[in-house]
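> As input, take start14.cif (mmCIF, C-alpha atoms):
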data_my_file
loop_
_atom_site.label_atom_id
_atom_site.label_comp_id
_atom_site.auth_asym_id
_atom_site.auth_seq_id
_atom_site.Cartn_x
_atom_site.Cartn_y
_atom_site.Cartn_z
CA MET A 1 -19.17 -11.90 -4.10
CA THR A 2 -22.65 -10.63 -4.99
CA ALA A 3 -25.83 -11.60 -3.16
CA ALA A 4 -26.75 -13.68 -6.21
CA GLY A 5 -23.46 -15.54 -5.93
CA ARG A 6 -24.01 -16.24 -2.25
CA ASN A 7 -27.30 -17.91 -3.14
CA THR A 8 -25.91 -19.94 -6.04
CA LEU A 9 -24.78 -23.55 -5.69
CA LEU A 10 -22.66 -25.54 -8.13
CA VAL A 11 -23.34 -29.30 -8.16
CA VAL A 12 -20.65 -31.39 -9.87
CA ASP A 13 -21.43 -35.04 -10.62
CA ASP A 14 -20.93 -37.23 -13.66
CA VAL A 15 -24.31 -38.90 -13.08
CA PRO A 16 -27.15 -36.62 -14.24
CA GLU A 17 -29.66 -38.39 -11.99
CA ASN A 18 -27.65 -37.37 -8.90
CA ILE A 19 -27.68 -33.75 -10.08
CA ASP A 20 -31.44 -33.93 -10.56
CA ILE A 21 -31.90 -35.25 -7.01
CA LEU A 22 -29.80 -32.48 -5.44
CA ALA A 23 -31.48 -29.84 -7.60
CA GLY A 24 -34.83 -31.08 -6.31
CA VAL A 25 -33.63 -30.97 -2.70
CA LEU A 26 -32.03 -27.51 -2.93
CA GLY A 27 -33.76 -25.78 -5.83
CA SER A 28 -36.51 -24.18 -3.72
CA GLU A 29 -33.96 -22.22 -1.66
CA TYR A 30 -31.02 -21.71 -4.03
CA ARG A 31 -30.13 -21.20 -7.66
CA VAL A 32 -28.55 -24.51 -8.65
CA THR A 33 -26.04 -24.77 -11.49
CA PHE A 34 -24.28 -27.97 -12.52
CA ALA A 35 -21.32 -29.57 -14.28
CA THR A 36 -20.75 -33.21 -15.20
CA ASN A 37 -16.94 -33.27 -15.37
CA GLY A 38 -13.93 -31.63 -13.79
CA LEU A 39 -13.04 -29.18 -16.56
CA ASP A 40 -16.58 -27.88 -16.81
CA ALA A 41 -16.67 -27.57 -13.01
CA LEU A 42 -13.57 -25.36 -13.02
CA ALA A 43 -15.09 -23.15 -15.71
CA ALA A 44 -18.44 -22.96 -13.86
CA ALA A 45 -16.66 -21.91 -10.67
CA LEU A 46 -15.41 -18.82 -12.51
CA ALA A 47 -18.77 -17.97 -14.07
CA GLN A 48 -20.69 -14.90 -12.89
CA PRO A 49 -22.22 -14.93 -10.43
CA GLN A 50 -19.69 -17.23 -8.83
CA PRO A 51 -21.20 -20.00 -6.73
CA GLY A 52 -21.34 -19.48 -3.01
CA LEU A 53 -20.70 -23.20 -2.42
CA ILE A 54 -19.73 -26.26 -4.50
CA LEU A 55 -21.05 -29.79 -4.00
CA LEU A 56 -18.37 -31.95 -5.63
CA ASP A 57 -18.49 -35.65 -6.45
CA VAL A 58 -15.22 -37.43 -5.67
CA MET A 59 -15.35 -40.32 -8.15
CA MET A 60 -15.56 -38.97 -11.70
CA PRO A 61 -13.86 -40.19 -14.89
CA GLY A 62 -10.92 -38.17 -16.13
CA MET A 63 -10.35 -35.47 -13.52
CA ASP A 64 -11.64 -36.69 -10.16
CA GLY A 65 -13.07 -34.48 -7.43
CA TYR A 66 -9.82 -34.35 -5.49
CA GLU A 67 -7.99 -32.83 -8.46
CA VAL A 68 -10.83 -30.38 -9.06
CA CYS A 69 -10.65 -29.29 -5.42
CA ARG A 70 -6.87 -28.98 -5.58
CA ARG A 71 -7.12 -26.69 -8.61
CA LEU A 72 -9.91 -24.64 -7.09
CA LYS A 73 -7.85 -24.00 -3.96
CA ALA A 74 -4.75 -23.15 -6.01
CA ASP A 75 -6.58 -20.42 -7.92
CA LEU A 76 -6.89 -17.03 -6.18
CA ARG A 77 -10.21 -16.50 -7.91
CA THR A 78 -11.87 -19.63 -6.51
CA ARG A 79 -9.91 -20.71 -3.45
CA ASP A 80 -12.34 -19.20 -0.94
CA ILE A 81 -15.44 -20.99 -2.29
CA PRO A 82 -16.38 -23.71 0.21
CA VAL A 83 -16.37 -27.24 -1.19
CA ILE A 84 -18.43 -30.14 0.16
CA PHE A 85 -17.41 -33.54 -1.19
CA LEU A 86 -20.07 -36.05 -2.24
CA THR A 87 -18.89 -39.64 -2.03
CA ALA A 88 -20.00 -43.23 -1.68
CA GLN A 89 -16.72 -44.05 0.06
CA SER A 90 -16.77 -44.45 3.83
CA GLU A 91 -13.08 -44.69 4.72
CA VAL A 92 -11.90 -42.14 7.27
CA SER A 93 -8.63 -41.76 5.36
CA ASP A 94 -10.57 -40.61 2.28
CA GLU A 95 -12.29 -37.90 4.32
CA GLU A 96 -8.99 -36.84 5.88
CA PHE A 97 -7.42 -36.52 2.46
CA GLY A 98 -10.32 -34.49 1.08
CA LEU A 99 -10.31 -32.14 4.06
CA SER A 100 -6.56 -31.69 3.73
CA LEU A 101 -7.17 -30.38 0.20
CA GLY A 102 -9.37 -27.61 1.60
CA ALA A 103 -12.87 -29.08 1.56
CA VAL A 104 -15.11 -28.00 4.44
CA ASP A 105 -17.26 -31.14 4.73
CA TYR A 106 -18.24 -34.58 3.39
CA LEU A 107 -21.66 -35.90 2.49
CA HIS A 108 -22.08 -39.63 1.98
CA LYS A 109 -24.27 -41.02 -0.77
CA PRO A 110 -27.13 -41.61 -0.74
CA CYS A 111 -27.61 -38.16 0.81
CA HIS A 112 -30.54 -37.54 3.14
CA PRO A 113 -32.38 -34.39 1.97
CA ALA A 114 -32.64 -32.81 5.43
CA ILE A 115 -28.93 -33.34 6.13
CA VAL A 116 -27.99 -31.90 2.72
CA ARG A 117 -30.05 -28.77 3.33
CA GLN A 118 -28.68 -28.36 6.85
CA ARG A 119 -25.00 -28.77 5.86
CA VAL A 120 -25.36 -26.44 2.88
CA ARG A 121 -27.11 -23.80 4.98
CA ILE A 122 -24.50 -23.99 7.76
CA HIS A 123 -21.49 -23.71 5.44
CA LEU A 124 -23.06 -20.96 3.35
CA GLU A 125 -23.81 -18.96 6.50
CA LEU A 126 -20.24 -19.44 7.74
CA HIS A 127 -18.85 -18.45 4.36
CA ASN A 128 -21.04 -15.36 4.14
CA GLN A 129 -20.12 -14.36 7.69
CA ASN A 130 -16.44 -14.71 6.81
CA LEU A 131 -16.91 -12.57 3.70
CA ALA A 132 -18.68 -9.89 5.73
CA LEU A 133 -15.97 -10.00 8.41
CA GLU A 134 -13.21 -9.74 5.82
CA GLU A 135 -14.90 -6.72 4.28
CA ARG A 136 -15.22 -5.06 7.69
CA VAL A 137 -11.53 -5.74 8.35
CA ARG A 138 -10.59 -4.29 4.95
CA GLU A 139 -12.73 -1.23 5.59
CA ARG A 140 -11.26 -0.75 9.06
CA THR A 141 -7.76 -1.17 7.66
CA ARG A 142 -8.50 1.47 5.03
CA GLU A 143 -9.81 3.81 7.72
CA LEU A 144 -6.73 3.29 9.89
CA GLU A 145 -4.40 3.87 6.94
CA GLU A 146 -6.27 7.00 5.93
CA THR A 147 -6.13 8.24 9.53
CA ARG A 148 -2.40 7.55 9.76
CA VAL A 149 -1.76 9.36 6.47
CA GLU A 150 -3.83 12.34 7.60
CA ILE A 151 -1.99 12.51 10.92
CA VAL A 152 1.32 12.55 9.08
CA ARG A 153 0.09 15.32 6.81
CA ARG A 154 -1.24 17.39 9.70
CA LEU A 155 1.97 17.02 11.68
CA GLY A 156 3.92 18.07 8.62
CA ARG A 157 1.76 21.16 8.28
CA ALA A 158 2.17 21.88 11.99
CA GLY A 159 5.92 21.88 11.53
CA GLU A 160 5.66 24.30 8.61
CA TYR A 161 3.42 26.71 10.52
CA ARG A 162 5.85 26.62 13.41
CA ASP A 163 8.70 27.45 11.03
CA ASN A 164 6.75 30.26 9.35
CA GLU A 165 7.64 28.75 5.96
CA THR A 166 5.56 28.92 2.83
CA GLY A 167 2.19 27.22 2.97
CA PHE A 168 2.72 24.89 0.04
CA HIS A 169 6.28 23.85 0.91
CA VAL A 170 5.30 20.43 2.22
CA ILE A 171 3.09 19.78 -0.81
CA ARG A 172 5.80 20.73 -3.28
CA MET A 173 8.39 18.82 -1.28
CA SER A 174 6.32 15.63 -1.33
CA GLN A 175 5.52 15.99 -5.04
CA TYR A 176 9.21 16.55 -5.86
CA CYS A 177 10.19 13.48 -3.84
CA TYR A 178 7.68 11.30 -5.67
CA CYS A 179 8.84 12.58 -9.04
CA LEU A 180 12.52 11.99 -8.29
CA ALA A 181 11.85 8.60 -6.70
CA ILE A 182 10.05 7.39 -9.83
CA ALA A 183 12.93 8.67 -11.97
CA ALA A 184 15.30 6.69 -9.73
CA GLY A 185 13.43 3.46 -10.49
CA ILE A 186 11.70 3.15 -7.14
CA ALA A 187 8.46 1.16 -7.36
CA PRO A 188 5.36 3.38 -7.55
CA GLN A 189 3.97 2.04 -4.27
CA GLN A 190 7.18 2.92 -2.41
CA ALA A 191 7.37 6.28 -4.18
CA GLU A 192 3.85 7.02 -2.95
CA LEU A 193 4.91 6.15 0.60
CA LEU A 194 7.81 8.58 0.27
CA GLN A 195 5.41 11.23 -1.02
CA LEU A 196 3.29 10.73 2.11
CA ALA A 197 6.30 10.64 4.45
CA ALA A 198 8.13 13.68 3.06
CA PRO A 199 5.92 16.31 4.80
CA MET A 200 7.31 15.10 8.14
CA HIS A 201 10.91 15.98 7.23
CA ASP A 202 11.09 19.11 9.44
CA ILE A 203 8.61 18.18 12.17
CA GLY A 204 11.47 18.44 14.68
CA LYS A 205 11.52 22.22 14.26
CA ILE A 206 8.60 22.22 16.69
CA GLY A 207 11.25 21.78 19.38
CA ILE A 208 13.52 24.66 18.28
CA PRO A 209 13.26 27.99 20.22
CA ASP A 210 11.69 30.94 18.39
CA ARG A 211 14.78 33.09 18.88
CA ILE A 212 16.66 30.66 16.64
CA LEU A 213 13.94 29.40 14.37
CA LEU A 214 12.69 32.87 13.46
CA LYS A 215 16.01 34.71 13.52
CA PRO A 216 16.22 36.85 10.33
CA GLY A 217 20.01 36.79 10.07
CA LYS A 218 22.69 34.12 10.04
CA LEU A 219 22.95 31.79 13.02
CA ASP A 220 26.06 31.75 15.19
CA GLU A 221 27.81 28.46 15.91
CA GLU A 222 25.86 27.69 19.08
CA GLU A 223 22.54 28.53 17.42
CA ARG A 224 23.47 26.42 14.43
CA LYS A 225 24.07 23.38 16.64
CA ILE A 226 20.71 23.86 18.30
CA MET A 227 19.00 24.20 14.93
CA GLN A 228 20.68 21.04 13.66
CA GLY A 229 19.09 19.19 16.55
CA HIS A 230 15.71 19.39 14.80
CA VAL A 231 16.47 16.18 12.88
CA LEU A 232 16.93 14.21 16.11
CA ILE A 233 13.85 15.82 17.62
CA GLY A 234 11.87 14.90 14.51
CA ALA A 235 13.01 11.29 14.65
CA GLU A 236 12.03 11.15 18.32
CA ILE A 237 8.60 12.67 17.64
CA ILE A 238 7.85 10.13 14.92
CA GLY A 239 9.42 7.29 16.94
CA ASP A 240 10.24 3.71 16.00
CA HIS A 241 7.19 2.12 14.44
CA PRO A 242 6.65 -0.98 12.30
CA SER A 243 4.41 0.97 9.92
CA GLY A 244 6.15 1.38 6.58
CA LEU A 245 4.91 4.97 6.33
CA LEU A 246 6.06 6.08 9.76
CA ALA A 247 9.38 4.23 9.48
CA LEU A 248 10.01 6.03 6.20
CA ALA A 249 8.97 9.39 7.68
CA ARG A 250 11.43 8.87 10.53
CA SER A 251 14.23 8.04 8.12
CA VAL A 252 13.54 11.15 6.03
CA ALA A 253 13.40 13.37 9.12
CA LEU A 254 16.67 11.95 10.41
CA THR A 255 18.74 11.85 7.21
CA HIS A 256 17.64 14.67 4.90
CA HIS A 257 20.54 16.88 6.11
CA GLU A 258 23.23 14.26 5.60
CA ARG A 259 25.61 15.04 2.72
CA TRP A 260 27.07 12.80 0.05
CA ASP A 261 30.59 13.89 1.07
CA GLY A 262 30.00 13.04 4.73
CA ALA A 263 29.94 16.64 5.97
CA GLY A 264 26.26 16.63 6.89
CA TYR A 265 24.43 15.94 10.16
CA PRO A 266 23.47 14.40 12.52
CA ASN A 267 25.62 11.31 11.92
CA GLY A 268 28.04 12.36 9.20
CA LEU A 269 26.87 9.61 6.86
CA ALA A 270 28.43 9.58 3.40
CA GLY A 271 27.59 8.20 -0.04
CA GLU A 272 25.20 5.28 -0.23
CA SER A 273 25.28 4.80 3.55
CA ILE A 274 22.68 7.57 3.49
CA PRO A 275 19.27 5.95 2.84
CA ILE A 276 18.02 6.77 -0.63
CA GLU A 277 14.93 8.44 0.80
CA GLY A 278 17.22 10.84 2.68
CA ARG A 279 19.26 11.54 -0.45
CA ILE A 280 16.11 12.24 -2.46
CA ALA A 281 14.60 14.45 0.25
CA ALA A 282 17.85 16.43 0.55
CA ILE A 283 17.72 17.51 -3.09
CA CYS A 284 14.01 18.28 -3.03
CA ASP A 285 14.10 20.20 0.25
CA VAL A 286 17.05 22.39 -0.77
CA PHE A 287 15.59 23.07 -4.19
CA ASP A 288 12.30 24.26 -2.74
CA ALA A 289 14.00 26.28 -0.01
CA LEU A 290 16.10 28.10 -2.59
CA THR A 291 13.17 28.98 -4.84
CA CYS A 292 11.03 30.45 -2.02
CA VAL A 293 11.50 33.42 0.28
CA ARG A 294 12.54 32.45 3.78
CA ILE A 295 13.02 34.71 6.76
CA TYR A 296 16.79 34.28 6.50
CA LYS A 297 17.20 34.60 2.69
CA PRO A 298 15.73 36.08 -0.48
CA VAL A 299 14.18 33.96 -3.23
CA TRP A 300 16.45 32.44 -5.90
CA THR A 301 15.40 32.11 -9.51
CA PHE A 302 14.40 28.68 -10.70
CA ASP A 303 17.45 28.40 -12.94
CA ALA A 304 19.86 29.54 -10.24
CA ALA A 305 18.45 26.84 -7.94
CA VAL A 306 18.85 24.19 -10.65
CA ASP A 307 22.45 25.31 -11.24
CA TYR A 308 23.16 25.08 -7.51
CA ILE A 309 21.82 21.53 -7.24
CA VAL A 310 23.83 20.46 -10.28
CA GLY A 311 26.95 22.14 -8.90
CA GLU A 312 26.64 20.25 -5.61
CA ALA A 313 26.62 16.81 -7.28
CA GLY A 314 29.17 14.64 -5.52
CA LYS A 315 29.44 17.11 -2.65
CA ALA A 316 26.10 17.72 -0.95
CA PHE A 317 24.08 15.45 -3.19
CA ASP A 318 24.15 11.99 -4.74
CA PRO A 319 25.54 12.60 -8.26
CA ALA A 320 23.36 9.89 -9.81
CA LEU A 321 20.24 11.47 -8.33
CA VAL A 322 21.36 14.92 -9.46
CA ALA A 323 21.61 13.63 -13.03
CA LEU A 324 18.06 12.31 -12.73
CA PHE A 325 16.96 15.60 -11.14
CA PHE A 326 18.25 17.47 -14.17
CA ASP A 327 16.19 15.19 -16.41
CA VAL A 328 12.97 15.88 -14.48
CA VAL A 329 13.45 19.64 -14.06
CA PRO A 330 10.44 20.30 -16.37
CA GLN A 331 8.25 18.24 -14.03
CA PHE A 332 9.59 20.18 -11.03
CA ALA A 333 8.68 23.42 -12.84
CA GLU A 334 5.12 22.17 -13.35
CA ILE A 335 4.82 21.20 -9.69
CA ARG A 336 6.18 24.56 -8.52
CA ALA A 337 3.77 26.45 -10.80
CA ARG A 338 0.82 24.36 -9.63
CA TYR A 339 1.54 24.90 -5.94
CA ALA A 340 3.03 28.40 -6.03
CA ASP A 341 2.39 30.67 -3.04
CA GLY A 342 3.35 34.24 -3.72
CA PRO A 343 7.12 34.67 -3.84
CA CYS A 344 7.71 31.20 -5.33
CA VAL A 345 7.19 32.30 -8.91
CA GLY A 346 9.35 33.30 -11.85
CA GLU A 347 9.69 31.21 -14.96
CA PRO A 348 12.72 29.05 -15.68
CA LYS A 349 14.63 29.63 -18.89
CA GLY A 350 13.42 27.93 -22.04
#
The structure given in the file should be rewritten as structure tokens.

Amino acid sequence: MTAAGRNTLLVVDDVPENIDILAGVLGSEYRVTFATNGLDALAAALAQPQPGLILLDVMMPGMDGYEVCRRLKADLRTRDIPVIFLTAQSEVSDEEFGLSLGAVDYLHKPCHPAIVRQRVRIHLELHNQNLALEERVRERTRELEETRVEIVRRLGRAGEYRDNETGFHVIRMSQYCYCLAIAAGIAPQQAELLQLAAPMHDIGKIGIPDRILLKPGKLDEEERKIMQGHVLIGAEIIGDHPSGLLALARSVALTHHERWDGAGYPNGLAGESIPIEGRIAAICDVFDALTCVRIYKPVWTFDAAVDYIVGEAGKAFDPALVALFFDVVPQFAEIRARYADGPCVGEPKG
């Protein structure tokens, strides 16, 4: 709400003389607008600038004040505007009912000018303080989320530096995951979370000895088992956390080496028992690994990597996702070209 809105009052009363009295009492301190019936009051509450507070008569023909208040509080656009009822009724039950609808106070007619000014000032100050607090909370939440995202990114980069892999691997990997997730019908917000979580997929390699991690040749059986432990190490590093981002990052780290046919690790999951984020990350990670030079292998051509992914449908990879992967290969080519780093070049056919 703007500063002008915070200093604007809406007076709703079907008797023009009552509006004139309140305008005289409050007009020196606030901008006073008015409505003489319920429908006009609802429209005025949405006008710009929106009122910072509404003084609402209870007894009006047609739509009474209670119904106006009920509708105001049911509308996301107006529900936070404080409402003070104006009434000639003195029954406690009437006040209880009005307060139950969301009103913040009652003023009894005839209203004493000093009391009107005091109640309006108090409730406006409370409302403005709440607005300021909510904005600070939103800003702090944004800062915390940005910090969490940056930590995830930095940890992902740390894992890549430790592995001596290509500098843009985590960027391409995350972009591929987002692209394939959208193709799979995952909601954009969840796809964005996966894009942010994907760089953490190999963070567990921090815990693998150099003699294995940087070995230029094939690993023996014992070394292979140690290397496979990086998924459990990664899950432990990320930990169990209620944050959607970190929970997703843990799942990706733990499951991106599971295979559709159940021959993967660490848990030998098969088919749809593998979380979809793990199935997506598996395709994207392997594709990028194949198309870039690694210490243990030469670079594959783009088309050879595509053929390999397609050939592993139903074995290493979810066949439905592989079909979608084939459809978005042009987007993968664009991503790879945009974030190429030296050896990861070479144009696909066509």
> Which distance in Å separates CA of Gly204 in chain A and CA of Ile233 in chain A, to one decimal?
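Those two atoms sit 4.6 Å apart.
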> Any chance you could work out the axis-aligned box around range 24-36 of chain A, listed atoms only, 8 Å on each side, giving centre and edge lengths in Å to one decimal, as JSON?

{"center_x": -28.6, "center_y": -27.2, "center_z": -8.4, "size_x": 31.8, "size_y": 28.0, "size_z": 29.5}
> Please write as a list of chain:residue names the full residue list that the PyMOL selection byres ((chain A and resi 38) around 8) yields on this file.
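Residues picked by the PyMOL selection byres ((chain A and resi 38) around 8): A:Val12, A:Ala35, A:Thr36, A:Asn37, A:Leu39, A:Asp40, A:Ala41, A:Leu42, A:Met60, A:Gly62, A:Met63, A:Asp64, A:Gly65, A:Val68.
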> Which residue, A:Ala253, A:Ile212, A:Ile309, A:Val170, has the smallest gap to Leu232 in chain A when you use only C-alpha atoms?
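Closest residue, counting only C-alpha atoms: A:Ala253.
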> Any idea what's packed within 12 Å of Asn130 in chain A, counting all atoms listed in the file, ignoring anything in its chain fewer than 6 positions away? Could you give it as a ChimeraX atom specification?
/A:1,6,52,80-82,123-124,136-137
> What does the distance from CA of Ile276 in chain A to CA of Leu219 in chain A come to in Å, to one decimal?
28.9 Å
> Excluding Tyr178 in chain A and its own-chain neighbours fewer than 2 positions away, which residues fall within 6 Å of it when counting all atoms listed in the file? Please give them as a list in words.
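Once the adjacent positions are removed, what remains is Gln175, Tyr176, Leu180, Ala181, Ala191 and Gln195 of chain A.
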> As an exercise, work out the distance from CA of Leu290 in chain A to CA of Lys315 in chain A in Å and give it to one decimal place.
17.3 Å
> Residue by residue, what does the PyMOL selection byres ((chain A and resi 106) around 9) grab here? Present the result as a PyMOL selection string.
chain A and resi 83-87+95+98-99+103-105+107-108
> For His112 in chain A, work out the shell of residues within 12 Å, counting all atoms listed in the file and skipping chain neighbours fewer than 4 positions away, then give it as a list in words.
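Near neighbours after the sequence-gap exclusion: Ile21, Leu22, Val25, Leu26, Leu86, Leu107, His108, Val116, Arg117, Gln118 and Arg119 of chain A.
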> Compare A:Glu221, A:Asp202, A:Asp57, A:Asp288 by their minimum atom-to-atom distance to Asp13 in chain A, counting all atoms listed in the file, and give me the closest one.
A:Asp57
> Skip range 284-286 of chain A itself and residues of its chain fewer than 3 positions away, then list as a VMD selection string all residues within 6 Å of it, counting all atoms listed in the file.
chain A and resid 173 176 281 289
> Would you save the residues of that selection, restricted to C-alpha atoms, as a PDB file, keeping the file's coordinate frame?

ATOM      1  CA  MET A 173       8.390  18.820  -1.280  1.00  0.00           C
ATOM      2  CA  TYR A 176       9.210  16.550  -5.860  1.00  0.00           C
ATOM      3  CA  ALA A 281      14.600  14.450   0.250  1.00  0.00           C
ATOM      4  CA  ALA A 289      14.000  26.280  -0.010  1.00  0.00           C
TER       5      ALA A 289
END
> Restricting the calculation to all atoms listed in the file, which member of A:His169, A:Arg140, A:Lys109, A:His230 is positioned closest to Phe287 in chain A?
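Under the stated criterion, the closest residue is A:His169.
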> Using the chain letters and residue numbers of this document, give as a tab-separated table (two decimals) with C-alpha atoms, keeping the file's coordinate frame the residues selected by the PyMOL selection byres ((chain A and resi 237) around 10).

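This is the output file selection_30.tsv:
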chain	number	residue	atom	x	y	z
A	155	LEU	CA	1.97	17.02	11.68
A	200	MET	CA	7.31	15.10	8.14
A	203	ILE	CA	8.61	18.18	12.17
A	204	GLY	CA	11.47	18.44	14.68
A	206	ILE	CA	8.60	22.22	16.69
A	207	GLY	CA	11.25	21.78	19.38
A	231	VAL	CA	16.47	16.18	12.88
A	232	LEU	CA	16.93	14.21	16.11
A	233	ILE	CA	13.85	15.82	17.62
A	234	GLY	CA	11.87	14.90	14.51
A	235	ALA	CA	13.01	11.29	14.65
A	236	GLU	CA	12.03	11.15	18.32
A	238	ILE	CA	7.85	10.13	14.92
A	239	GLY	CA	9.42	7.29	16.94
A	240	ASP	CA	10.24	3.71	16.00
A	250	ARG	CA	11.43	8.87	10.53
A	253	ALA	CA	13.40	13.37	9.12
> Pick the closest to Asn128 in chain A from A:Glu192, A:Ala304, A:Asn7, A:His201: which is it, counting all atoms listed in the file?
A:Asn7
